[in-house]
Structures are given as structure tokens and as C-alpha cells.
>>> print(open('start-v9.cif').read())   # mmCIF, C-alpha atoms
data_start
#
loop_
_atom_site.label_atom_id
_atom_site.label_comp_id
_atom_site.auth_asym_id
_atom_site.auth_seq_id
_atom_site.Cartn_x
_atom_site.Cartn_y
_atom_site.Cartn_z
CA MET A 10 -15.66 -19.20 -1.61
CA LEU A 11 -14.05 -18.23 1.67
CA SER A 12 -14.80 -19.71 5.04
CA VAL A 13 -13.34 -18.33 8.21
CA ASP A 14 -13.56 -19.69 11.73
CA ILE A 15 -10.92 -18.22 13.99
CA LYS A 16 -10.06 -17.77 17.65
CA LYS A 17 -7.24 -15.57 18.80
CA LYS A 18 -6.47 -14.21 22.23
CA LEU A 19 -5.77 -10.49 22.11
CA LYS A 20 -4.77 -8.11 24.88
CA ASN A 21 -8.23 -7.21 26.17
CA PHE A 22 -10.52 -9.80 24.65
CA THR A 23 -10.60 -12.94 22.54
CA LEU A 24 -11.29 -12.65 18.84
CA ASP A 25 -13.84 -15.34 18.02
CA LEU A 26 -15.38 -15.10 14.57
CA ALA A 27 -16.96 -17.43 12.05
CA PHE A 28 -18.40 -16.55 8.66
CA SER A 29 -18.31 -17.69 5.10
CA MET A 30 -18.79 -15.83 1.87
CA ASP A 31 -18.99 -16.15 -1.89
CA LYS A 32 -18.02 -13.61 -4.55
CA GLU A 33 -19.64 -10.78 -2.67
CA ILE A 34 -18.48 -7.70 -0.79
CA ILE A 35 -18.58 -8.13 2.94
CA VAL A 36 -18.04 -5.11 5.14
CA LEU A 37 -16.51 -5.75 8.53
CA PHE A 38 -17.96 -2.98 10.59
CA GLY A 39 -17.20 -2.00 14.15
CA PRO A 40 -15.45 0.49 16.45
CA SER A 41 -11.67 0.79 16.41
CA GLY A 42 -9.94 -1.88 18.43
CA SER A 43 -12.71 -4.40 17.89
CA GLY A 44 -10.51 -6.90 16.07
CA LYS A 45 -11.21 -5.96 12.43
CA THR A 46 -7.61 -5.48 11.32
CA THR A 47 -6.47 -8.57 13.24
CA THR A 48 -9.08 -10.57 11.34
CA LEU A 49 -7.67 -9.34 8.03
CA HIS A 50 -4.13 -10.14 9.21
CA CYS A 51 -5.19 -13.69 10.10
CA ILE A 52 -6.82 -14.23 6.71
CA SER A 53 -3.84 -12.82 4.81
CA GLY A 54 -1.32 -14.78 6.88
CA LEU A 55 0.50 -11.78 8.33
CA THR A 56 -0.40 -13.20 11.72
CA HIS A 57 -2.00 -16.48 12.75
CA PRO A 58 -5.02 -17.31 14.91
CA ASP A 59 -4.56 -19.54 17.95
CA ASP A 60 -7.07 -22.00 16.61
CA GLY A 61 -9.66 -22.48 13.92
CA ARG A 62 -9.78 -22.93 10.16
CA ILE A 63 -9.54 -20.70 7.10
CA GLN A 64 -10.33 -22.04 3.63
CA LEU A 65 -10.32 -20.27 0.29
CA ASN A 66 -11.62 -21.94 -2.90
CA GLY A 67 -10.97 -25.38 -1.43
CA ARG A 68 -7.42 -24.50 -0.35
CA THR A 69 -6.69 -24.65 3.37
CA LEU A 70 -4.91 -21.48 4.46
CA PHE A 71 -4.97 -22.29 8.15
CA SER A 72 -6.09 -25.30 10.12
CA GLY A 73 -5.62 -25.72 13.87
CA SER A 74 -2.12 -26.83 14.70
CA ASP A 75 -1.08 -27.66 11.11
CA LYS A 76 1.64 -25.52 9.60
CA PRO A 77 -0.15 -22.46 8.19
CA LEU A 78 0.18 -21.65 4.50
CA PRO A 79 2.74 -18.81 4.27
CA VAL A 80 1.46 -15.34 3.42
CA GLN A 81 3.25 -15.37 0.02
CA LYS A 82 1.30 -18.42 -1.19
CA ARG A 83 -2.22 -17.41 -0.16
CA ARG A 84 -3.13 -15.32 -3.20
CA VAL A 85 -4.82 -12.78 -0.97
CA GLY A 86 -4.63 -9.15 -2.07
CA TYR A 87 -4.36 -6.56 0.68
CA VAL A 88 -4.90 -2.81 0.47
CA PHE A 89 -3.58 -1.21 3.64
CA GLN A 90 -4.77 1.82 5.50
CA ASP A 91 -2.56 4.69 4.23
CA TYR A 92 -1.87 2.43 1.20
CA ALA A 93 1.69 1.39 2.14
CA LEU A 94 2.94 2.14 -1.38
CA PHE A 95 6.69 1.64 -1.86
CA PRO A 96 7.91 5.24 -1.53
CA HIS A 97 11.19 4.56 -3.33
CA MET A 98 9.58 3.10 -6.44
CA THR A 99 7.63 4.70 -9.24
CA VAL A 100 3.93 3.91 -9.61
CA ARG A 101 4.87 1.51 -12.43
CA LYS A 102 7.33 -0.41 -10.26
CA ASN A 103 4.83 -0.47 -7.40
CA ILE A 104 2.19 -2.07 -9.60
CA LEU A 105 4.58 -4.50 -11.30
CA TYR A 106 6.18 -5.63 -8.01
CA GLY A 107 3.97 -8.71 -7.64
CA ALA A 108 2.26 -8.61 -11.04
CA GLU A 109 1.38 -11.82 -12.82
CA ASP A 110 0.73 -10.60 -16.34
CA GLN A 111 1.85 -7.40 -18.02
CA GLN A 112 -1.23 -7.21 -20.29
CA GLU A 113 -3.62 -7.50 -17.37
CA VAL A 114 -1.71 -4.68 -15.72
CA ASP A 115 -2.10 -2.43 -18.77
CA GLN A 116 -5.85 -3.04 -18.78
CA LEU A 117 -6.09 -2.45 -15.07
CA VAL A 118 -4.14 0.79 -15.27
CA THR A 119 -6.34 2.06 -18.08
CA ALA A 120 -9.51 1.00 -16.28
CA LEU A 121 -8.44 2.94 -13.19
CA GLY A 122 -7.32 5.96 -15.23
CA ILE A 123 -3.80 6.10 -13.81
CA ASP A 124 -1.84 5.73 -17.09
CA HIS A 125 -0.41 9.22 -16.77
CA LEU A 126 0.98 8.56 -13.27
CA MET A 127 3.17 5.59 -14.10
CA GLU A 128 6.51 7.38 -13.84
CA GLU A 129 5.59 9.42 -10.74
CA TYR A 130 6.73 8.64 -7.21
CA PRO A 131 3.99 8.12 -4.59
CA LYS A 132 4.79 11.36 -2.74
CA ASN A 133 3.91 13.35 -5.87
CA ILE A 134 0.37 12.00 -6.35
CA SER A 135 -2.88 12.80 -4.52
CA GLY A 136 -4.66 10.64 -1.94
CA GLY A 137 -7.29 9.45 -4.42
CA GLU A 138 -4.56 8.56 -6.91
CA LYS A 139 -2.63 6.64 -4.25
CA GLN A 140 -5.82 4.76 -3.48
CA ARG A 141 -6.16 3.76 -7.14
CA VAL A 142 -2.51 2.74 -7.37
CA ALA A 143 -2.90 0.60 -4.24
CA LEU A 144 -5.98 -1.07 -5.77
CA ALA A 145 -4.16 -1.65 -9.06
CA ARG A 146 -1.16 -3.07 -7.21
CA ALA A 147 -3.35 -5.51 -5.28
CA PHE A 148 -5.36 -6.58 -8.36
CA ALA A 149 -2.18 -7.00 -10.43
CA THR A 150 -1.25 -10.06 -8.36
CA GLU A 151 -4.54 -11.64 -9.53
CA PRO A 152 -5.69 -12.53 -6.02
CA ASP A 153 -8.43 -14.99 -5.11
CA LEU A 154 -9.62 -12.66 -2.37
CA LEU A 155 -9.19 -8.95 -1.72
CA LEU A 156 -8.89 -7.37 1.73
CA LEU A 157 -9.24 -3.63 2.20
CA ASP A 158 -8.43 -2.02 5.55
CA GLU A 159 -10.13 1.38 5.90
CA PRO A 160 -9.15 2.17 2.32
CA PHE A 161 -11.13 5.38 2.01
CA SER A 162 -10.80 6.89 5.48
CA SER A 163 -8.30 9.60 4.57
CA LEU A 164 -10.03 10.78 1.37
CA ASP A 165 -12.18 13.88 0.78
CA ALA A 166 -15.90 13.22 0.44
CA ASN A 167 -16.10 13.64 -3.36
CA VAL A 168 -12.94 11.58 -4.01
CA LYS A 169 -14.29 8.95 -1.65
CA GLU A 170 -17.46 8.78 -3.75
CA GLU A 171 -15.45 8.17 -6.93
CA CYS A 172 -13.35 5.48 -5.28
CA HIS A 173 -16.49 3.69 -4.06
CA HIS A 174 -17.70 3.49 -7.67
CA GLU A 175 -14.28 2.34 -8.81
CA LEU A 176 -14.27 -0.50 -6.32
CA LEU A 177 -17.79 -1.63 -7.22
CA ARG A 178 -16.86 -1.57 -10.90
CA LEU A 179 -13.69 -3.60 -10.37
CA HIS A 180 -15.60 -6.05 -8.22
CA ASP A 181 -18.19 -6.58 -10.98
CA LYS A 182 -15.40 -7.26 -13.42
CA TRP A 183 -13.13 -9.48 -11.31
CA GLU A 184 -15.78 -11.36 -9.34
CA ILE A 185 -13.73 -12.26 -6.28
CA PRO A 186 -14.74 -12.10 -2.64
CA VAL A 187 -13.91 -8.74 -1.08
CA ILE A 188 -13.71 -7.94 2.63
CA LEU A 189 -13.65 -4.28 3.48
CA VAL A 190 -13.06 -2.89 6.95
CA THR A 191 -14.60 0.41 7.93
CA HIS A 192 -16.08 2.23 10.88
CA ASP A 193 -18.18 4.47 8.65
CA ARG A 194 -21.83 3.32 8.73
CA ASN A 195 -22.76 5.07 5.45
CA GLU A 196 -19.86 3.53 3.61
CA ALA A 197 -20.72 0.12 4.96
CA GLU A 198 -24.33 0.35 3.81
CA LYS A 199 -23.37 1.66 0.41
CA LEU A 200 -20.75 -0.93 -0.51
CA ALA A 201 -21.77 -4.08 1.29
CA ASP A 202 -23.65 -7.04 -0.04
CA ARG A 203 -23.57 -8.09 3.59
CA ILE A 204 -22.45 -6.30 6.74
CA ILE A 205 -20.74 -8.18 9.53
CA GLU A 206 -20.71 -6.12 12.67
CA ILE A 207 -18.16 -6.96 15.31
CA ASP A 208 -17.41 -5.65 18.76
CA HIS A 209 -14.78 -6.90 21.18
CA GLY A 210 -13.89 -9.67 18.77
CA ARG A 211 -17.39 -11.11 18.46
CA LEU A 212 -20.23 -10.89 15.96
CA VAL A 213 -22.99 -8.47 16.91
CA VAL A 214 -26.36 -9.98 16.06
CA MET B 11 58.46 9.69 8.68
CA SER B 12 56.81 6.41 7.71
CA TYR B 13 53.30 6.44 6.32
CA SER B 14 52.55 2.97 7.68
CA PRO B 15 50.18 4.31 10.41
CA LEU B 16 47.95 5.81 7.71
CA PHE B 17 47.66 2.60 5.70
CA LEU B 18 47.34 0.53 8.85
CA SER B 19 44.55 2.79 10.13
CA LEU B 20 42.71 2.68 6.82
CA ARG B 21 43.03 -1.09 6.54
CA ILE B 22 41.91 -1.78 10.11
CA ALA B 23 39.05 0.74 9.99
CA THR B 24 37.82 -0.55 6.61
CA ILE B 25 37.77 -4.21 7.65
CA ALA B 26 36.17 -3.36 11.00
CA THR B 27 33.53 -1.22 9.25
CA ILE B 28 32.56 -4.02 6.86
CA ILE B 29 32.17 -6.48 9.76
CA VAL B 30 30.23 -4.02 11.91
CA PHE B 31 28.00 -2.95 9.01
CA LEU B 32 26.89 -6.51 8.28
CA LEU B 33 26.63 -7.57 11.93
CA GLY B 34 24.80 -4.38 12.94
CA ILE B 35 22.25 -4.73 10.15
CA LEU B 36 21.66 -8.38 10.95
CA LEU B 37 21.11 -7.84 14.68
CA ALA B 38 19.11 -4.64 14.26
CA ARG B 39 16.86 -6.29 11.68
CA LEU B 40 16.30 -9.28 13.95
CA LEU B 41 15.57 -7.21 17.04
CA ALA B 42 14.14 -3.89 15.77
CA ARG B 43 10.42 -4.65 15.72
CA LYS B 44 10.38 -7.66 18.02
CA VAL B 45 8.99 -7.42 21.51
CA PHE B 46 10.20 -10.07 23.95
CA PRO B 47 11.23 -10.24 27.61
CA GLY B 48 14.90 -9.40 28.10
CA LYS B 49 15.13 -7.31 24.92
CA SER B 50 16.22 -4.19 26.79
CA ILE B 51 18.90 -6.19 28.60
CA ILE B 52 20.29 -7.53 25.30
CA GLU B 53 20.23 -4.05 23.79
CA SER B 54 21.97 -2.57 26.82
CA VAL B 55 24.75 -5.16 26.54
CA LEU B 56 25.13 -4.35 22.84
CA LEU B 57 25.43 -0.64 23.62
CA LEU B 58 27.74 -1.07 26.62
CA PRO B 59 31.02 -0.36 24.76
CA LEU B 60 29.66 3.12 24.02
CA VAL B 61 29.52 4.12 27.69
CA LEU B 62 32.41 2.14 29.16
CA PRO B 63 35.93 3.59 29.26
CA PRO B 64 37.94 2.13 26.34
CA THR B 65 40.40 0.69 28.84
CA VAL B 66 37.61 -1.40 30.35
CA VAL B 67 36.64 -2.67 26.89
CA GLY B 68 40.33 -3.39 26.24
CA PHE B 69 40.64 -5.19 29.57
CA GLY B 70 37.59 -7.31 28.75
CA LEU B 71 38.98 -8.16 25.31
CA LEU B 72 42.35 -9.00 26.80
CA TYR B 73 40.60 -11.35 29.20
CA LEU B 74 38.62 -13.02 26.38
CA PHE B 75 41.32 -13.15 23.71
CA GLY B 76 44.46 -13.55 25.82
CA VAL B 77 46.23 -16.92 25.53
CA ASN B 78 44.60 -17.99 28.79
CA GLY B 79 41.19 -16.48 27.96
CA PRO B 80 38.27 -18.60 26.69
CA VAL B 81 38.43 -17.37 23.08
CA GLY B 82 42.24 -17.06 23.09
CA GLN B 83 42.67 -20.65 24.26
CA TRP B 84 40.26 -21.88 21.63
CA LEU B 85 42.06 -20.00 18.83
CA LEU B 86 45.40 -21.31 20.03
CA TYR B 87 44.16 -24.89 20.27
CA PHE B 88 42.33 -25.11 16.93
CA PHE B 89 44.27 -22.67 14.76
CA ASP B 90 47.57 -22.34 16.60
CA TYR B 91 46.93 -18.59 16.46
CA LYS B 92 47.80 -15.92 18.99
CA ILE B 93 45.65 -12.89 18.34
CA VAL B 94 46.89 -10.49 21.02
CA PHE B 95 49.35 -7.85 19.75
CA THR B 96 48.51 -8.44 16.08
CA TRP B 97 46.72 -6.09 13.70
CA VAL B 98 43.75 -8.51 13.83
CA ALA B 99 43.39 -7.65 17.52
CA ALA B 100 43.21 -3.99 16.49
CA VAL B 101 40.33 -4.93 14.16
CA VAL B 102 38.59 -6.72 17.03
CA ALA B 103 38.95 -3.64 19.24
CA ALA B 104 37.65 -1.35 16.49
CA VAL B 105 34.68 -3.68 15.85
CA VAL B 106 33.65 -3.77 19.51
CA VAL B 107 33.86 -0.04 20.18
CA SER B 108 32.17 1.03 16.93
CA PHE B 109 29.41 -1.60 16.91
CA PRO B 110 26.99 0.36 19.16
CA LEU B 111 26.97 3.29 16.72
CA MET B 112 26.01 1.05 13.81
CA TYR B 113 23.48 -0.88 15.85
CA GLN B 114 21.71 2.27 17.03
CA SER B 115 21.60 3.81 13.56
CA ALA B 116 20.38 0.59 11.96
CA SER B 117 17.81 -0.09 14.65
CA ALA B 118 16.32 3.40 14.23
CA ALA B 119 16.47 3.06 10.44
CA PHE B 120 14.46 -0.18 10.45
CA GLN B 121 11.77 1.37 12.65
CA ASN B 122 11.55 4.54 10.61
CA TYR B 123 9.04 3.39 8.00
CA ASP B 124 5.51 1.94 8.06
CA PRO B 125 5.82 -1.84 8.69
CA ASN B 126 2.84 -2.32 6.36
CA ILE B 127 5.14 -1.45 3.45
CA GLU B 128 6.95 -4.73 4.13
CA ASN B 129 3.67 -6.51 4.78
CA ALA B 130 2.35 -5.31 1.43
CA ALA B 131 5.35 -6.84 -0.34
CA LEU B 132 4.78 -10.14 1.50
CA THR B 133 1.12 -10.28 0.47
CA MET B 134 2.26 -9.72 -3.12
CA GLY B 135 4.15 -13.00 -2.95
CA ALA B 136 7.69 -11.74 -2.31
CA SER B 137 9.98 -13.95 -0.22
CA ARG B 138 11.46 -12.51 2.99
CA VAL B 139 14.84 -12.23 1.30
CA LYS B 140 13.37 -10.34 -1.65
CA VAL B 141 11.46 -8.05 0.73
CA PHE B 142 14.67 -7.30 2.61
CA PHE B 143 16.68 -6.36 -0.46
CA THR B 144 13.95 -4.56 -2.44
CA VAL B 145 12.06 -2.84 0.39
CA SER B 146 13.62 -2.88 3.88
CA PHE B 147 17.21 -2.18 2.87
CA PRO B 148 16.49 0.70 0.45
CA LEU B 149 14.08 2.32 2.92
CA ALA B 150 16.58 2.02 5.78
CA TRP B 151 19.56 3.00 3.61
CA PRO B 152 19.91 6.65 4.75
CA GLY B 153 20.14 5.54 8.39
CA LEU B 154 22.39 2.61 7.51
CA LEU B 155 24.74 4.90 5.61
CA ALA B 156 24.90 7.30 8.57
CA GLY B 157 25.79 4.33 10.77
CA LEU B 158 28.42 3.24 8.27
CA VAL B 159 30.15 6.62 8.25
CA LEU B 160 30.04 6.96 12.04
CA THR B 161 31.39 3.43 12.39
CA PHE B 162 34.29 4.16 10.06
CA ALA B 163 35.11 7.43 11.84
CA ARG B 164 34.98 5.76 15.26
CA ALA B 165 37.08 2.80 14.09
CA LEU B 166 39.63 5.18 12.65
CA GLY B 167 39.89 7.04 15.95
CA GLU B 168 40.05 3.99 18.20
CA PHE B 169 42.86 4.24 20.77
CA GLY B 170 42.28 2.88 24.27
CA ALA B 171 41.07 -0.65 23.65
CA THR B 172 43.55 -1.05 20.77
CA LEU B 173 46.46 -0.09 23.01
CA MET B 174 45.41 -2.69 25.59
CA ILE B 175 44.87 -5.64 23.26
CA ALA B 176 47.03 -4.85 20.23
CA GLY B 177 49.75 -2.71 21.77
CA ASN B 178 51.67 0.00 19.96
CA ILE B 179 54.00 -1.86 17.63
CA PRO B 180 55.29 0.32 14.77
CA GLY B 181 54.31 -1.12 11.40
CA VAL B 182 52.11 -3.80 13.01
CA THR B 183 49.52 -2.21 15.30
CA SER B 184 50.59 1.41 15.50
CA THR B 185 47.62 3.20 13.90
CA ILE B 186 47.43 7.00 13.58
CA PRO B 187 46.02 7.63 17.10
CA LEU B 188 48.76 5.46 18.58
CA ALA B 189 51.41 7.08 16.39
CA ILE B 190 50.30 10.48 17.71
CA TYR B 191 50.66 9.23 21.25
CA SER B 192 54.19 7.87 20.60
CA ALA B 193 55.22 11.02 18.76
CA VAL B 194 54.12 13.29 21.61
CA GLU B 195 55.75 11.04 24.23
CA ALA B 196 59.03 11.13 22.31
CA GLY B 197 58.79 14.90 21.77
CA ARG B 198 58.46 14.57 17.97
CA MET B 199 55.93 17.37 17.76
CA GLU B 200 56.24 17.92 13.99
CA GLN B 201 55.19 14.34 13.40
CA ALA B 202 52.34 14.59 15.89
CA TYR B 203 51.03 17.73 14.11
CA THR B 204 51.06 15.94 10.78
CA TRP B 205 49.06 12.97 12.05
CA VAL B 206 46.64 15.19 13.95
CA ILE B 207 45.94 17.18 10.79
CA ILE B 208 45.49 14.02 8.71
CA ILE B 209 43.05 12.44 11.15
CA ILE B 210 41.05 15.67 11.55
CA ALA B 211 40.83 15.92 7.76
CA LEU B 212 39.64 12.31 7.46
CA GLY B 213 37.02 12.65 10.22
CA PHE B 214 35.82 16.05 9.07
CA SER B 215 35.47 15.08 5.44
CA SER B 216 33.51 11.90 6.21
CA VAL B 217 31.03 13.74 8.43
CA LEU B 218 30.80 16.65 5.98
CA TRP B 219 30.13 14.29 3.09
CA LEU B 220 27.48 12.47 5.11
CA ASN B 221 25.65 15.71 5.91
CA TRP B 222 25.78 16.81 2.30
CA TRP B 223 24.58 13.43 1.03
CA THR B 224 21.76 13.27 3.56
CA LYS B 225 20.45 16.71 2.61
CA ARG B 226 20.50 15.75 -1.04
CA ASN B 227 19.10 12.25 -0.95
CA VAL B 228 17.18 11.50 2.22
CA MET B 229 14.42 13.93 1.48
CA ALA B 230 13.98 12.52 -2.06
CA PHE B 231 11.15 10.13 -1.25
CA LYS B 232 10.01 11.44 2.12
CA GLN B 233 6.40 12.54 2.35
CA ASP B 234 5.61 16.28 2.54
CA SER B 235 9.12 17.45 1.83
#
>>> encode(input="start-v9.cif", output="C-alpha cells")
Amino acid sequence: MLSVDIKKKLKNFTLDLAFSMDKEIIVLFGPSGSGKTTTLHCISGLTHPDDGRIQLNGRTLFSGSDKPLPVQKRRVGYVFQDYALFPHMTVRKNILYGAEDQQEVDQLVTALGIDHLMEEYPKNISGGEKQRVALARAFATEPDLLLLDEPFSSLDANVKEECHHELLRLHDKWEIPVILVTHDRNEAEKLADRIIEIDHGRLVV
Amino acid sequence: MSYSPLFLSLRIATIATIIVFLLGILLARLLARKVFPGKSIIESVLLLPLVLPPTVVGFGLLYLFGVNGPVGQWLLYFFDYKIVFTWVAAVVAAVVVSFPLMYQSASAAFQNYDPNIENAALTMGASRVKVFFTVSFPLAWPGLLAGLVLTFARALGEFGATLMIAGNIPGVTSTIPLAIYSAVEAGRMEQAYTWVIIIIALGFSSVLWLNWWTKRNVMAFKQDS
């Protein structure tokens, strides 16, 4: 269970959002520059809102002027746009970097069909494969919540399709709340249990 | 002919390089991706020794470290130590003139990769220290190494500021560049030739090695190479 209620002044507008969610997939949908990525950053702890409250499974991640919980302790998985894989580490080292449990990792790697890539460096694998490695790396930390920032935007249509299935499958298995950011209407409708549309930092109703 | 200028040069340049390497990385890491008012002023001050004549840098150091200068007085009072005209002063001069090269290389190196790579490590639970040593440092390493080599070469060649603050005392502060100057002044051309050849060889081989290393290693994990 995640509840978010945040206010943050940005350059051209104020981000002002409130929503709560259970173990579902929420798609944050809206044009670029509408505050989607900032919202993910606030939830993950990479940046902090000016005011508000963020709670995850009864833990307070952020509350008004209290000291925010540091990003390392939030148990929030984050898949970045362009994946942000560690270019100087093999796929194996990427996935094990924050891993909790070696056995879980083996299962995860098999489930995503990336066993054969473990000794490769990120520059030698395809976009779809990078996407899977990034997902595996995020799931390996056994997060309580998964954030995905435009994870499929640079993939070919057919690879994108496969990755959509992959995500839905993993979500069924892991049962954690997932927030996915996209500006692709089709993708939003296909993946979302619920779509939250934002523009200029506010919910569109 | 005494070989003391060679060993003196190597010792001073090595110590100065270690100091500048650590200091440059620290400051570049702190400032590289930060945006705050006055940043360009701070950076300009840090780069100033690169554009000023070495005599001006030496004059400034003499003012600061001289027995009547603010730092010099302090050193004398607390440690009973006079720094001017010692080999330590030559290290100080080498540090100041070579610092901008390291700072620029390091600053560029820390801005040369996607900041989300560090963010990803943070979200995976890694402490800032762990992120620095496992992610930031290895990714910036090619640029840091370039800075290191340039720093060493510049420290080795330092003349003007050293002459002003450390003097030209044989066996104490007379490094290769100063020994060349003395040799030419005294008409000992043979000796000057020898030192000139040695310092060209040192400078050339460090830059050559850097180019070779960069070609071999930098492209190793770069995208689309």
C-alpha cells in the first residue's frame, strides 16, 4: 500500500499530486515536462518534495519537515529511462550489485531468459536485453515498490510487446505496487490497472 | 654532474601529484553537478593559476607563505617552521600551478556519464561512499588518469613560481628546470643539454603512454565503439 501526497515547486509550475494505490500497476501518463519523473524521484528519495507525506506499507518515507528516509533505506526499485546499467560491470555484477538473495536472483534470471548474458557487458547486448537486465536488477533488491520511467520508449514495436508481457508476468508473481511513467497512450491503456493523467503537475480529471 | 636535480624533481612532482590528485577529485566531485550562485566565480579562482604568469603565482605564494604572510606567520608560530626556500615550498608551488589541470580533467570526467547510473546504485541501497568507489570513480577513471598524467608533467616542468618561493638552491630546491637555467647562465652547455634531453624524455613518454593507454582502455565500455 502506497500513499502519496506531495507538493513541490518546480521552475514553471507547482507539482501537487495525491493518490494512493495497492498492489496494482498505475500508469502516470502525461506530456513531457508535466512532472512525472519528478514524482518518481520524490517517491524514491532521489529528491524531496517541499511538503506533503509519502507512506509505503505503513513506513513513512517522507513527512513534512521531518528528516526524510534516505533513498538507500526506502526499498523502492527504480528502472531508469535508458536503463542506467553500470557500463563497467558484467550483467551478473549489475544484477548482484544490490541483490538480497542469490537464489532469488537465479530464478529471476531464468524467468527473464537472460541466463546466457550473464558474462556480457551492457554495450554488447540489445535494447530489449538491457531492459530485462534493468528489470532483473531492480527486482533483485526485493523492493516493496517498483518505479519505471519510460522503460520501453527506445524499443522496437515487437520487442516492446514482449517486454510488456514480461512486466505483467513479473507483476503477477511479485505482487508489489508498480508505477510506470509513459507518454504513450496505447501502452498506458494496455498495462495499467489505473491511469493517472497529469499535466503541469496536477491531476487531470 | 650531480643527479640530485633529477631525484629532487621526481620527489617534488610525485608528492605534488598525489596532493593535487586527491584535492582535485574531491573539489570536482563536490562541485561538478551542483548548480549554485557564485559557482563560476569559485571555478574561475580555481583555474586562475593556469592563466596567470608563474611569477604572479610565485609572488602571491611568497606573500602568503613568507615569514610575515598570514600562512607563514601561522606556520612559524605553531610549528616553528619556515617554509620559504625549502623543498616543501617547491611542492606548494607545483601543487598550485598544476591544480587547474587536474580540476578541469576531473570535473569533465564526473560529468561525462549519465547521473542516473549513480542514482540507480543509490536506489539499490548503496551508501554514497560505496557509490563513489564502485561507480563514480571507475566511470571517471579515464579522465582522472589523464588529469593525473598532465598534473605530473606540469609539476615536473614547474619553474617560475618555484624560483620565487623556493629559490634555486643546489641539492635543496634546484629541480631540473632550475638546473637548466643555472647551467645556461654559467655557460655549462653540456649539462644543460643533458637535463633538457632528460626532461623532454620524461614529458614525452608520459604523454605518449597516456595516449596509448586511452586508445586501449577508454573505448572498452563506451557505447557504440
>>> interface_residues(input="start-v9.cif", of="chain A", to="chain B", cutoff="10 Å", atoms="only C-alpha atoms", output="VMD selection string")
chain A and resid 50 53 to 55 79 to 98 103 105 to 109 130 to 133 143 146 to 152
>>> residues_around(input="start-v9.cif", residues="Ala150 (chain B)", least_positions_apart="6", cutoff="12 Å", atoms="only C-alpha atoms", output="PyMOL selection string")
(chain A and resi 96-97) or (chain B and resi 35+38-39+42+115-125+128+142-144+156-157+228)
>>> atom_distance(input="start-v9.cif", atom1="CA of Gln64 (chain A)", atom2="CA of Asn21 (chain A)")
27.1 Å
>>> resolve_selection(input="start-v9.cif", expression="the PyMOL selection byres ((chain A and resi 205) around 10)", output="JSON, numbers by chain")
{"A": [28, 35, 36, 37, 38, 39, 188, 190, 197, 201, 203, 204, 206, 207, 211, 212, 213, 214]}
>>> resolve_selection(input="start-v9.cif", expression="the PyMOL selection byres ((chain B and resi 173) around 10)", output="count of residues only")
23
>>> residues_near_point(input="start-v9.cif", point="(-19.3, 4.2, 7.3)", cutoff="10 Å", atoms="only C-alpha atoms", output="VMD selection string")
chain A and resid 36 38 to 39 159 161 to 162 190 to 200
>>> atom_distance(input="start-v9.cif", atom1="CA of Gly197 (chain B)", atom2="CA of Gly213 (chain B)")
24.7 Å
>>> decode(input="start-v9.cif", residues="region 47-61 of chain A", atoms="N, CA and C atoms", output="PDB file, in the first residue's frame")
ATOM      1  N   THR A  47       9.750  13.806 -11.868  1.00  0.00           N
ATOM      2  CA  THR A  47       9.951  14.410 -10.544  1.00  0.00           C
ATOM      3  C   THR A  47       9.156  13.655  -9.482  1.00  0.00           C
ATOM      4  N   THR A  48       7.949  13.237  -9.853  1.00  0.00           N
ATOM      5  CA  THR A  48       7.138  12.460  -8.910  1.00  0.00           C
ATOM      6  C   THR A  48       7.857  11.170  -8.522  1.00  0.00           C
ATOM      7  N   LEU A  49       8.393  10.461  -9.522  1.00  0.00           N
ATOM      8  CA  LEU A  49       9.140   9.233  -9.228  1.00  0.00           C
ATOM      9  C   LEU A  49      10.358   9.530  -8.356  1.00  0.00           C
ATOM     10  N   HIS A  50      11.059  10.620  -8.663  1.00  0.00           N
ATOM     11  CA  HIS A  50      12.236  10.989  -7.858  1.00  0.00           C
ATOM     12  C   HIS A  50      11.847  11.255  -6.401  1.00  0.00           C
ATOM     13  N   CYS A  51      10.705  11.912  -6.206  1.00  0.00           N
ATOM     14  CA  CYS A  51      10.255  12.191  -4.832  1.00  0.00           C
ATOM     15  C   CYS A  51       9.937  10.897  -4.097  1.00  0.00           C
ATOM     16  N   ILE A  52       9.276   9.966  -4.780  1.00  0.00           N
ATOM     17  CA  ILE A  52       8.895   8.711  -4.126  1.00  0.00           C
ATOM     18  C   ILE A  52      10.135   7.876  -3.797  1.00  0.00           C
ATOM     19  N   SER A  53      11.115   7.892  -4.710  1.00  0.00           N
ATOM     20  CA  SER A  53      12.310   7.070  -4.496  1.00  0.00           C
ATOM     21  C   SER A  53      13.273   7.712  -3.503  1.00  0.00           C
ATOM     22  N   GLY A  54      13.147   9.025  -3.309  1.00  0.00           N
ATOM     23  CA  GLY A  54      14.045   9.709  -2.380  1.00  0.00           C
ATOM     24  C   GLY A  54      15.255  10.332  -3.049  1.00  0.00           C
ATOM     25  N   LEU A  55      15.279  10.337  -4.385  1.00  0.00           N
ATOM     26  CA  LEU A  55      16.395  10.980  -5.090  1.00  0.00           C
ATOM     27  C   LEU A  55      16.276  12.495  -4.992  1.00  0.00           C
ATOM     28  N   THR A  56      15.028  12.967  -4.805  1.00  0.00           N
ATOM     29  CA  THR A  56      14.830  14.371  -4.477  1.00  0.00           C
ATOM     30  C   THR A  56      13.686  14.404  -3.466  1.00  0.00           C
ATOM     31  N   HIS A  57      13.437  15.566  -2.870  1.00  0.00           N
ATOM     32  CA  HIS A  57      12.383  15.604  -1.864  1.00  0.00           C
ATOM     33  C   HIS A  57      11.355  16.674  -2.204  1.00  0.00           C
ATOM     34  N   PRO A  58      10.073  16.391  -1.892  1.00  0.00           N
ATOM     35  CA  PRO A  58       9.050  17.419  -2.095  1.00  0.00           C
ATOM     36  C   PRO A  58       9.245  18.550  -1.087  1.00  0.00           C
ATOM     37  N   ASP A  59       8.570  19.679  -1.313  1.00  0.00           N
ATOM     38  CA  ASP A  59       8.645  20.773  -0.343  1.00  0.00           C
ATOM     39  C   ASP A  59       7.775  20.455   0.858  1.00  0.00           C
ATOM     40  N   ASP A  60       6.681  19.744   0.583  1.00  0.00           N
ATOM     41  CA  ASP A  60       5.755  19.441   1.668  1.00  0.00           C
ATOM     42  C   ASP A  60       4.920  18.223   1.279  1.00  0.00           C
ATOM     43  N   GLY A  61       4.290  17.622   2.264  1.00  0.00           N
ATOM     44  CA  GLY A  61       3.416  16.504   1.984  1.00  0.00           C
ATOM     45  C   GLY A  61       3.808  15.275   2.768  1.00  0.00           C
TER      46      GLY A  61
END
